[in-house]
>>> print(open('query32.cif').read())   # mmCIF, C-alpha atoms
data_data
loop_
_atom_site.label_atom_id
_atom_site.label_comp_id
_atom_site.auth_asym_id
_atom_site.auth_seq_id
_atom_site.Cartn_x
_atom_site.Cartn_y
_atom_site.Cartn_z
CA MET A 1 71.49 102.05 116.35
CA ASN A 2 73.55 103.07 113.34
CA LEU A 3 77.01 102.08 114.47
CA ILE A 4 79.44 101.35 111.62
CA PHE A 5 83.17 101.21 112.11
CA LEU A 6 85.20 99.95 109.17
CA SER A 7 88.58 100.32 110.82
CA PRO A 8 90.40 103.13 112.56
CA LEU A 9 93.04 102.80 109.86
CA LEU A 10 90.90 103.89 106.92
CA LEU A 11 90.96 107.47 108.12
CA LEU A 12 93.37 108.95 105.62
CA SER A 13 91.69 107.52 102.54
CA ALA A 14 93.61 109.76 100.17
CA ALA A 15 96.07 110.25 97.39
CA PHE A 16 98.78 112.87 97.27
CA LEU A 17 97.88 115.51 94.68
CA GLY A 18 99.27 118.83 95.74
CA VAL A 19 100.19 121.15 98.59
CA GLN A 20 98.34 124.20 99.84
CA GLY A 21 99.98 126.55 102.28
CA THR A 22 103.05 125.22 104.12
CA PRO A 23 104.06 121.76 102.80
CA ALA A 24 103.27 119.04 105.31
CA PHE A 25 105.16 116.33 103.46
CA ALA A 26 108.75 116.92 102.39
CA ALA A 27 111.52 114.63 101.21
CA GLU A 28 113.75 115.42 104.17
CA THR A 29 111.04 114.29 106.62
CA VAL A 30 110.51 110.83 105.13
CA SER A 31 110.80 108.06 107.70
CA LYS A 32 111.70 104.66 106.25
CA GLN A 33 110.82 103.02 109.58
CA ALA A 34 107.13 103.77 109.05
CA ILE A 35 106.87 100.82 106.65
CA GLN A 36 108.51 97.78 108.23
CA PRO A 37 107.39 94.18 107.48
CA GLY A 38 106.66 92.43 110.76
CA GLU A 39 104.85 95.35 112.34
CA GLN A 40 101.42 94.57 113.80
CA LEU A 41 99.41 97.27 115.58
CA THR A 42 96.25 96.38 117.52
CA TYR A 43 93.61 98.93 118.51
CA ASP A 44 90.62 98.88 120.83
CA ILE A 45 87.69 100.78 119.35
CA SER A 46 85.46 102.41 121.96
CA TRP A 47 82.08 104.08 121.61
CA LEU A 48 80.33 105.84 124.50
CA TYR A 49 83.02 104.38 126.80
CA ILE A 50 82.18 100.85 125.62
CA THR A 51 84.82 98.75 123.87
CA ALA A 52 82.89 98.05 120.67
CA GLY A 53 85.54 96.37 118.53
CA THR A 54 89.13 95.59 117.70
CA ALA A 55 91.21 96.57 114.67
CA VAL A 56 94.59 95.25 113.56
CA MET A 57 97.00 96.78 111.07
CA ALA A 58 99.84 94.52 109.89
CA ILE A 59 102.69 94.70 107.37
CA SER A 60 104.25 91.66 105.69
CA ASP A 61 106.44 90.84 102.70
CA ALA A 62 104.51 90.28 99.46
CA GLY A 63 107.22 88.92 97.19
CA THR A 64 108.51 90.84 94.18
CA ASP A 65 107.32 92.20 90.87
CA GLY A 66 110.36 91.69 88.70
CA ASP A 67 113.15 93.21 90.76
CA ARG A 68 110.80 95.37 92.84
CA PRO A 69 110.04 94.19 96.39
CA LEU A 70 106.43 94.59 97.48
CA VAL A 71 104.71 94.65 100.87
CA LYS A 72 101.23 93.68 101.98
CA LEU A 73 99.24 96.06 104.18
CA LEU A 74 96.44 94.21 105.96
CA THR A 75 93.79 95.89 108.09
CA THR A 76 90.99 94.03 109.84
CA ALA A 77 88.18 95.17 112.14
CA GLN A 78 85.77 93.04 114.17
CA SER A 79 83.02 93.89 116.59
CA LYS A 80 83.10 92.63 120.17
CA PRO A 81 80.58 89.90 121.16
CA ALA A 82 78.25 92.37 122.91
CA ILE A 83 78.02 94.50 119.76
CA THR A 84 77.96 91.52 117.39
CA LYS A 85 74.65 90.40 118.89
CA PHE A 86 72.82 93.32 117.25
CA PHE A 87 75.32 94.67 114.70
CA PRO A 88 78.14 92.33 113.63
CA VAL A 89 81.18 93.85 111.93
CA ASP A 90 83.90 91.82 110.21
CA ASN A 91 85.91 93.88 107.71
CA ARG A 92 89.14 93.11 105.90
CA VAL A 93 91.17 95.38 103.61
CA GLU A 94 94.33 94.15 101.90
CA SER A 95 96.66 96.39 99.90
CA ILE A 96 99.78 95.54 97.91
CA LEU A 97 102.24 98.45 98.03
CA ASP A 98 105.52 99.37 96.37
CA PRO A 99 107.52 100.66 99.38
CA ALA A 100 109.95 102.52 97.11
CA THR A 101 107.25 104.77 95.65
CA LEU A 102 104.63 104.43 98.43
CA LEU A 103 102.05 103.75 95.71
CA PRO A 104 99.45 100.96 95.81
CA GLU A 105 99.12 98.33 93.11
CA HIS A 106 96.15 96.24 94.22
CA LEU A 107 93.41 96.47 96.84
CA ILE A 108 90.86 93.93 98.05
CA PHE A 109 88.10 95.39 100.21
CA ARG A 110 85.79 92.97 102.07
CA ARG A 111 83.05 94.60 104.12
CA ARG A 112 80.66 92.76 106.42
CA GLU A 113 78.53 95.14 108.51
CA GLY A 114 75.18 94.03 109.86
CA LYS A 115 73.30 92.57 106.90
CA LYS A 116 75.45 94.46 104.41
CA LYS A 117 78.00 92.49 102.41
CA GLU A 118 80.28 94.18 99.88
CA ASP A 119 83.39 93.09 98.00
CA ILE A 120 85.44 95.55 95.97
CA GLU A 121 88.71 95.00 94.13
CA TYR A 122 90.94 97.74 92.67
CA THR A 123 93.96 97.30 90.40
CA PHE A 124 95.96 100.51 90.06
CA HIS A 125 97.72 101.34 86.80
CA GLN A 126 99.79 104.24 88.09
CA LYS A 127 101.70 104.97 84.87
CA GLU A 128 98.54 104.95 82.77
CA GLY A 129 96.58 107.05 85.28
CA THR A 130 93.75 104.55 85.59
CA VAL A 131 92.31 102.06 88.04
CA THR A 132 90.27 98.95 87.26
CA ALA A 133 87.46 98.54 89.77
CA ILE A 134 85.49 95.31 90.15
CA LYS A 135 82.30 95.55 92.19
CA ASP A 136 79.53 92.94 92.16
CA GLY A 137 81.48 91.09 89.47
CA THR A 138 81.41 94.02 87.05
CA PRO A 139 84.75 95.57 85.95
CA GLU A 140 85.09 99.27 85.22
CA THR A 141 88.15 101.35 84.31
CA LEU A 142 88.31 104.87 85.76
CA ALA A 143 90.76 107.76 85.57
CA ILE A 144 92.90 108.70 88.60
CA PRO A 145 95.36 111.58 89.19
CA PRO A 146 99.12 110.91 89.50
CA GLY A 147 100.19 109.44 92.82
CA THR A 148 96.80 108.02 93.78
CA GLN A 149 96.63 106.02 97.00
CA ASP A 150 94.09 103.58 98.34
CA VAL A 151 92.33 103.59 101.71
CA ILE A 152 95.18 101.76 103.44
CA SER A 153 98.37 102.83 101.66
CA CYS A 154 97.59 106.50 102.23
CA LEU A 155 97.99 106.09 105.98
CA TYR A 156 101.48 104.70 105.49
CA TYR A 157 102.26 107.52 103.10
CA ALA A 158 101.20 109.97 105.80
CA ARG A 159 103.22 108.14 108.45
CA SER A 160 106.30 108.22 106.24
CA GLY A 161 106.25 111.92 105.51
CA ILE A 162 104.09 113.74 108.05
CA SER A 163 105.48 117.10 109.10
CA LEU A 164 106.07 117.94 112.75
CA GLN A 165 105.43 121.62 112.04
CA PRO A 166 102.10 122.93 113.39
CA GLY A 167 100.26 124.94 110.76
CA SER A 168 101.34 122.73 107.88
CA SER A 169 98.57 121.59 105.56
CA LEU A 170 97.97 119.90 102.25
CA THR A 171 95.17 118.91 99.94
CA MET A 172 94.90 115.34 98.68
CA ASN A 173 92.87 113.58 96.03
CA VAL A 174 91.09 110.53 97.42
CA PHE A 175 89.89 107.58 95.34
CA HIS A 176 87.09 105.96 97.29
CA ASP A 177 83.92 104.19 96.24
CA LYS A 178 84.92 104.58 92.57
CA LYS A 179 85.24 108.37 92.85
CA ASN A 180 88.05 110.93 93.10
CA ARG A 181 87.50 113.47 95.88
CA LYS A 182 89.49 116.18 97.63
CA LEU A 183 90.64 115.75 101.23
CA GLU A 184 92.55 118.21 103.41
CA VAL A 185 95.07 117.34 106.14
CA ARG A 186 96.10 119.94 108.73
CA VAL A 187 98.92 119.56 111.26
CA GLU A 188 97.52 121.10 114.44
CA GLU A 189 100.09 120.84 117.23
CA ILE A 190 102.58 118.77 119.19
CA GLU A 191 100.80 117.14 122.12
CA THR A 192 101.69 114.67 124.86
CA VAL A 193 99.02 111.98 125.21
CA SER A 194 98.56 109.10 127.64
CA GLY A 195 97.22 105.60 127.04
CA PRO A 196 98.12 101.92 127.39
CA TRP A 197 101.53 102.86 125.98
CA GLY A 198 102.14 105.37 128.79
CA GLU A 199 102.95 109.00 127.95
CA VAL A 200 104.26 109.84 124.50
CA GLU A 201 104.87 112.95 122.44
CA THR A 202 102.69 113.10 119.33
CA VAL A 203 101.78 115.35 116.43
CA ARG A 204 98.02 115.86 116.24
CA VAL A 205 96.61 115.89 112.71
CA LEU A 206 93.14 116.96 111.60
CA VAL A 207 91.71 115.16 108.59
CA VAL A 208 88.85 117.06 106.93
CA MET A 209 86.71 114.28 105.48
CA PRO A 210 84.58 114.91 102.35
CA PHE A 211 82.80 111.56 102.70
CA GLN A 212 81.81 108.88 105.20
CA GLY A 213 84.73 106.50 105.00
CA LEU A 214 85.66 105.53 108.51
CA PHE A 215 82.90 104.92 111.03
CA LEU A 216 80.01 106.78 109.40
CA ASN A 217 81.77 109.85 110.75
CA GLN A 218 79.77 113.06 110.92
CA GLY A 219 82.72 115.39 110.41
CA ASN A 220 86.46 115.62 110.78
CA ILE A 221 88.78 112.94 112.13
CA ARG A 222 91.84 113.46 114.32
CA VAL A 223 94.87 111.18 114.49
CA TRP A 224 97.85 111.33 116.85
CA PHE A 225 101.21 110.16 115.39
CA THR A 226 104.29 109.66 117.57
CA THR A 227 107.11 112.06 116.79
CA ASP A 228 109.79 109.37 116.61
CA GLU A 229 111.04 107.64 113.45
CA ARG A 230 108.14 105.16 113.30
CA ARG A 231 105.39 107.81 113.46
CA VAL A 232 103.01 105.30 115.02
CA PRO A 233 99.31 106.31 115.05
CA VAL A 234 98.49 105.80 118.73
CA ARG A 235 95.02 107.33 118.79
CA MET A 236 92.25 108.22 116.33
CA LYS A 237 88.94 109.91 117.00
CA ALA A 238 85.83 110.58 114.92
CA LYS A 239 82.38 111.96 115.70
CA VAL A 240 79.48 109.72 114.76
CA VAL A 241 75.68 110.08 114.88
CA ILE A 242 75.75 109.69 118.67
CA GLY A 243 78.97 110.59 120.50
CA SER A 244 82.44 109.74 119.22
CA ILE A 245 84.43 106.65 118.34
CA VAL A 246 88.01 106.43 119.61
CA ALA A 247 90.67 103.94 118.52
CA ASP A 248 93.55 103.51 120.98
CA LEU A 249 96.67 101.45 120.33
CA VAL A 250 96.88 98.59 122.81
CA SER A 251 99.72 96.44 121.43
CA GLY A 252 102.43 96.44 118.80
CA TRP A 253 104.47 99.35 120.05
CA GLN A 254 107.65 97.26 120.10
CA THR A 255 106.75 94.90 117.21
CA VAL A 256 109.57 95.98 114.90
CA PRO A 257 113.05 96.90 116.20
CA PRO A 258 114.67 100.07 114.84
CA THR A 259 116.41 99.63 111.49
CA GLN A 260 120.17 99.49 111.88
#
>>> encode(input="query32.cif", output="structure tokens")
Amino acid sequence: MNLIFLSPLLLLSAAFLGVQGTPAFAAETVSKQAIQPGEQLTYDISWLYITAGTAVMAISDAGTDGDRPLVKLLTTAQSKPAITKFFPVDNRVESILDPATLLPEHLIFRRREGKKKEDIEYTFHQKEGTVTAIKDGTPETLAIPPGTQDVISCLYYARSGISLQPGSSLTMNVFHDKKNRKLEVRVEEIETVSGPWGEVETVRVLVVMPFQGLFLNQGNIRVWFTTDERRVPVRMKAKVVIGSIVADLVSGWQTVPPTQ
């Protein structure tokens, strides 16, 4: 069985490059509450109605770089014991982000899936338009477009500026697996969804994936963000080889109080 789920939070692996059609991200829509140290969101990952794993997305302070405060974005994903018996998953992705610019500075990607082990490290040089990638101990410097994100920071960028206007869309450049690719995000509609959190109003977003970056997805991914200031991703869904994988938020809704 080819079941791979990195994390439900790697779904917007993208960098902001430009807008097509109606802008989905605009300065007046930016929500500062979408990036709050102390937040910790926990998701149950289900496949064929079986809870296959758990993912956690957390934000913490990461000190300063000169006079610039930084934050750490940490995402982990582990398989449940029943799945671990035949396909263990233990993934960890750590990103250092400048919350003022919403741009990443450093990423450590640790993947453990079945017998596969992979460690990747990226250092972003945003002003120079390059990224230094270290894989299997070998460094390589590659070109990136302005405003490039990593596989974690892009989700927070989306949370901070996602439009609530159905029909909005944009095209992003995504740096993933040492390549720049195009990715499209479409705002579909406002929808009320139910889950462990109860009923909540959300904006449903379609992510058109040009690569397999989430759970060996076989097509597009959908994510449901709350329409309040925090823009919390409460549900994510992707088709895989057999059926679909769904990530539902199960705790962390009230982790961070509203900013005064």
>>> resolve_selection(input="query32.cif", expression="the PyMOL selection byres ((chain A and resi 225) around 9)", output="PDB file with C-alpha atoms, in the coordinates of the input")
ATOM      1  CA  ARG A 159     103.220 108.140 108.450  1.00  0.00           C
ATOM      2  CA  ILE A 162     104.090 113.740 108.050  1.00  0.00           C
ATOM      3  CA  GLU A 201     104.870 112.950 122.440  1.00  0.00           C
ATOM      4  CA  THR A 202     102.690 113.100 119.330  1.00  0.00           C
ATOM      5  CA  VAL A 203     101.780 115.350 116.430  1.00  0.00           C
ATOM      6  CA  ARG A 204      98.020 115.860 116.240  1.00  0.00           C
ATOM      7  CA  VAL A 205      96.610 115.890 112.710  1.00  0.00           C
ATOM      8  CA  VAL A 223      94.870 111.180 114.490  1.00  0.00           C
ATOM      9  CA  TRP A 224      97.850 111.330 116.850  1.00  0.00           C
ATOM     10  CA  THR A 226     104.290 109.660 117.570  1.00  0.00           C
ATOM     11  CA  THR A 227     107.110 112.060 116.790  1.00  0.00           C
ATOM     12  CA  ASP A 228     109.790 109.370 116.610  1.00  0.00           C
ATOM     13  CA  ARG A 230     108.140 105.160 113.300  1.00  0.00           C
ATOM     14  CA  ARG A 231     105.390 107.810 113.460  1.00  0.00           C
ATOM     15  CA  VAL A 232     103.010 105.300 115.020  1.00  0.00           C
ATOM     16  CA  PRO A 233      99.310 106.310 115.050  1.00  0.00           C
ATOM     17  CA  VAL A 234      98.490 105.800 118.730  1.00  0.00           C
ATOM     18  CA  ARG A 235      95.020 107.330 118.790  1.00  0.00           C
TER      19      ARG A 235
END
>>> resolve_selection(input="query32.cif", expression="the PyMOL selection byres ((chain A and resi 186) around 9)", output="list in words")
Ala24, Pro166, Gly167, Ser168, Ser169, Leu170, Thr171, Glu184, Val185, Val187, Glu188, Arg204, Val205, Leu206, Val207 and Val208 of chain A
>>> closest_residue(input="query32.cif", among="A:Ile120, A:Leu103, A:Ile134, A:Met57", to="Gly147 of chain A", atoms="all atoms listed in the file")
A:Leu103
>>> atom_distance(input="query32.cif", atom1="atom CA of Ser153 of chain A", atom2="atom CA of Ile59 of chain A")
10.8 Å
>>> residues_around(input="query32.cif", residues="segment 196-200 of chain A", least_positions_apart="2", cutoff="8 Å", atoms="all atoms listed in the file", output="PyMOL selection string")
chain A and resi 192-194+202+226+249-250+253
>>> resolve_selection(input="query32.cif", expression="the PyMOL selection byres ((chain A and resi 144) around 10)", output="short mmCIF file (atom, residue, chain, number, x, y, z; two decimals) with C-alpha atoms, in the frame of the given file")
data_model
loop_
_atom_site.label_atom_id
_atom_site.label_comp_id
_atom_site.auth_asym_id
_atom_site.auth_seq_id
_atom_site.Cartn_x
_atom_site.Cartn_y
_atom_site.Cartn_z
CA ALA A 15 96.07 110.25 97.39
CA PHE A 124 95.96 100.51 90.06
CA HIS A 125 97.72 101.34 86.80
CA GLN A 126 99.79 104.24 88.09
CA GLU A 128 98.54 104.95 82.77
CA GLY A 129 96.58 107.05 85.28
CA THR A 130 93.75 104.55 85.59
CA VAL A 131 92.31 102.06 88.04
CA THR A 141 88.15 101.35 84.31
CA LEU A 142 88.31 104.87 85.76
CA ALA A 143 90.76 107.76 85.57
CA PRO A 145 95.36 111.58 89.19
CA PRO A 146 99.12 110.91 89.50
CA GLY A 147 100.19 109.44 92.82
CA THR A 148 96.80 108.02 93.78
CA GLN A 149 96.63 106.02 97.00
CA ASN A 173 92.87 113.58 96.03
CA VAL A 174 91.09 110.53 97.42
CA PHE A 175 89.89 107.58 95.34
CA LYS A 178 84.92 104.58 92.57
CA LYS A 179 85.24 108.37 92.85
CA ASN A 180 88.05 110.93 93.10
#
>>> residues_near_point(input="query32.cif", point="(98.5, 102.9, 104.2)", cutoff="9 Å", atoms="all atoms listed in the file", output="ChimeraX atom specification")
/A:9-10,12-13,35,73,95,97,102,104,149-159
>>> write_last_selection(input="query32.cif", atoms="C-alpha atoms", output="compact mmCIF listing (two decimals), keeping the file's coordinate frame")
# COMPACT_ATOMS: atom_id res chain seq x y z
CA LEU A 9 93.04 102.80 109.86
CA LEU A 10 90.90 103.89 106.92
CA LEU A 12 93.37 108.95 105.62
CA SER A 13 91.69 107.52 102.54
CA ILE A 35 106.87 100.82 106.65
CA LEU A 73 99.24 96.06 104.18
CA SER A 95 96.66 96.39 99.90
CA LEU A 97 102.24 98.45 98.03
CA LEU A 102 104.63 104.43 98.43
CA PRO A 104 99.45 100.96 95.81
CA GLN A 149 96.63 106.02 97.00
CA ASP A 150 94.09 103.58 98.34
CA VAL A 151 92.33 103.59 101.71
CA ILE A 152 95.18 101.76 103.44
CA SER A 153 98.37 102.83 101.66
CA CYS A 154 97.59 106.50 102.23
CA LEU A 155 97.99 106.09 105.98
CA TYR A 156 101.48 104.70 105.49
CA TYR A 157 102.26 107.52 103.10
CA ALA A 158 101.20 109.97 105.80
CA ARG A 159 103.22 108.14 108.45
>>> closest_residue(input="query32.cif", among="A:Gly114, A:Gly243, A:Gly53, A:Gly195", to="Phe87 of chain A", atoms="all atoms listed in the file")
A:Gly114
>>> residues_around(input="query32.cif", residues="Lys237 of chain A", least_positions_apart="6", cutoff="7 Å", atoms="all atoms listed in the file", output="list in words")
Ile221, Arg222, Val223, Ser244, Ile245, Val246 and Ala247 of chain A
>>> write_last_selection(input="query32.cif", atoms="C-alpha atoms", output="PDB file, in the frame of the given file")
ATOM      1  CA  ILE A 221      88.780 112.940 112.130  1.00  0.00           C
ATOM      2  CA  ARG A 222      91.840 113.460 114.320  1.00  0.00           C
ATOM      3  CA  VAL A 223      94.870 111.180 114.490  1.00  0.00           C
ATOM      4  CA  SER A 244      82.440 109.740 119.220  1.00  0.00           C
ATOM      5  CA  ILE A 245      84.430 106.650 118.340  1.00  0.00           C
ATOM      6  CA  VAL A 246      88.010 106.430 119.610  1.00  0.00           C
ATOM      7  CA  ALA A 247      90.670 103.940 118.520  1.00  0.00           C
TER       8      ALA A 247
END
>>> atom_distance(input="query32.cif", atom1="atom CA of Asp61 of chain A", atom2="atom CA of Arg92 of chain A")
17.7 Å
>>> closest_residue(input="query32.cif", among="A:Gln36, A:Thr138, A:Thr123, A:Asn220", to="Val71 of chain A", atoms="all atoms listed in the file")
A:Gln36
>>> atom_distance(input="query32.cif", atom1="atom CA of Gly38 of chain A", atom2="atom CA of Leu74 of chain A")
11.4 Å
>>> residues_near_point(input="query32.cif", point="(75.7, 91.4, 109.6)", cutoff="10 Å", atoms="only C-alpha atoms", output="list in words")
Thr84, Lys85, Phe86, Phe87, Pro88, Val89, Asp90, Arg111, Arg112, Glu113, Gly114, Lys115, Lys116 and Lys117 of chain A
>>> decode(input="query32.cif", residues="segment 43-138 of chain A", atoms="C-alpha atoms", output="CSV table (one decimal), in the first residue's frame")
chain,number,residue,atom,x,y,z
A,43,TYR,CA,-4.8,17.5,13.2
A,44,ASP,CA,-6.1,13.9,12.8
A,45,ILE,CA,-5.2,12.5,9.4
A,46,SER,CA,-7.8,10.0,8.2
A,47,TRP,CA,-7.7,7.7,5.2
A,48,LEU,CA,-10.6,5.5,4.1
A,49,TYR,CA,-12.3,6.5,7.4
A,50,ILE,CA,-9.3,5.2,9.4
A,51,THR,CA,-7.3,7.6,11.6
A,52,ALA,CA,-3.9,7.0,10.0
A,53,GLY,CA,-1.8,9.7,11.7
A,54,THR,CA,-1.5,13.0,13.6
A,55,ALA,CA,0.1,16.3,12.5
A,56,VAL,CA,1.0,19.3,14.6
A,57,MET,CA,1.7,22.8,13.5
A,58,ALA,CA,3.3,25.2,16.1
A,59,ILE,CA,4.6,28.7,16.2
A,60,SER,CA,7.3,29.9,18.7
A,61,ASP,CA,9.7,32.8,19.1
A,62,ALA,CA,13.1,32.2,17.4
A,63,GLY,CA,15.1,35.1,18.8
A,64,THR,CA,16.3,38.0,16.6
A,65,ASP,CA,18.5,38.7,13.7
A,66,GLY,CA,20.0,42.1,14.6
A,67,ASP,CA,16.9,44.1,15.4
A,68,ARG,CA,14.5,41.8,13.5
A,69,PRO,CA,12.4,39.4,15.5
A,70,LEU,CA,12.0,35.9,14.0
A,71,VAL,CA,9.6,33.1,14.6
A,72,LYS,CA,9.9,29.3,14.2
A,73,LEU,CA,7.3,27.4,12.3
A,74,LEU,CA,7.4,23.7,13.3
A,75,THR,CA,5.3,21.0,11.6
A,76,THR,CA,5.4,17.3,12.5
A,77,ALA,CA,3.5,14.3,11.3
A,78,GLN,CA,3.5,10.8,12.7
A,79,SER,CA,1.6,7.6,11.8
A,80,LYS,CA,-0.7,5.9,14.2
A,81,PRO,CA,0.5,2.5,15.7
A,82,ALA,CA,-1.7,0.5,13.4
A,83,ILE,CA,-0.2,2.2,10.3
A,84,THR,CA,3.3,2.2,11.7
A,85,LYS,CA,3.4,-1.6,11.8
A,86,PHE,CA,3.6,-1.7,7.9
A,87,PHE,CA,4.4,1.9,7.0
A,88,PRO,CA,5.9,4.1,9.7
A,89,VAL,CA,5.9,7.9,9.1
A,90,ASP,CA,7.8,10.4,11.3
A,91,ASN,CA,8.3,13.7,9.5
A,92,ARG,CA,9.6,17.1,10.9
A,93,VAL,CA,9.8,20.4,9.0
A,94,GLU,CA,11.2,23.5,10.7
A,95,SER,CA,11.2,27.0,9.2
A,96,ILE,CA,12.6,30.2,10.5
A,97,LEU,CA,10.4,33.1,9.3
A,98,ASP,CA,10.6,36.9,9.3
A,99,PRO,CA,7.0,37.8,10.4
A,100,ALA,CA,7.4,41.4,9.1
A,101,THR,CA,8.0,40.2,5.5
A,102,LEU,CA,6.5,36.8,5.7
A,103,LEU,CA,9.6,35.4,4.0
A,104,PRO,CA,11.5,32.3,5.1
A,105,GLU,CA,15.2,32.4,6.0
A,106,HIS,CA,16.0,28.8,6.8
A,107,LEU,CA,14.3,25.4,6.5
A,108,ILE,CA,15.2,22.0,7.8
A,109,PHE,CA,13.3,19.1,6.3
A,110,ARG,CA,13.5,15.7,8.0
A,111,ARG,CA,11.5,12.9,6.2
A,112,ARG,CA,11.1,9.4,7.6
A,113,GLU,CA,8.6,7.4,5.6
A,114,GLY,CA,8.8,3.6,5.5
A,115,LYS,CA,12.4,2.7,4.6
A,116,LYS,CA,13.0,6.1,3.1
A,117,LYS,CA,15.1,8.6,5.0
A,118,GLU,CA,15.8,12.1,3.7
A,119,ASP,CA,17.3,15.3,5.2
A,120,ILE,CA,17.2,18.6,3.3
A,121,GLU,CA,18.3,22.0,4.5
A,122,TYR,CA,17.6,25.3,2.7
A,123,THR,CA,19.1,28.7,3.5
A,124,PHE,CA,17.3,31.5,1.7
A,125,HIS,CA,19.1,34.6,0.5
A,126,GLN,CA,16.1,36.7,-0.4
A,127,LYS,CA,18.0,39.8,-1.4
A,128,GLU,CA,20.4,37.9,-3.7
A,129,GLY,CA,17.6,35.8,-5.2
A,130,THR,CA,19.3,32.5,-4.3
A,131,VAL,CA,18.9,29.6,-2.0
A,132,THR,CA,21.6,27.2,-0.7
A,133,ALA,CA,20.3,23.7,-0.7
A,134,ILE,CA,22.1,20.9,1.2
A,135,LYS,CA,21.0,17.3,0.4
A,136,ASP,CA,23.0,14.2,1.3
A,137,GLY,CA,25.8,16.5,2.5
A,138,THR,CA,26.2,18.2,-0.8
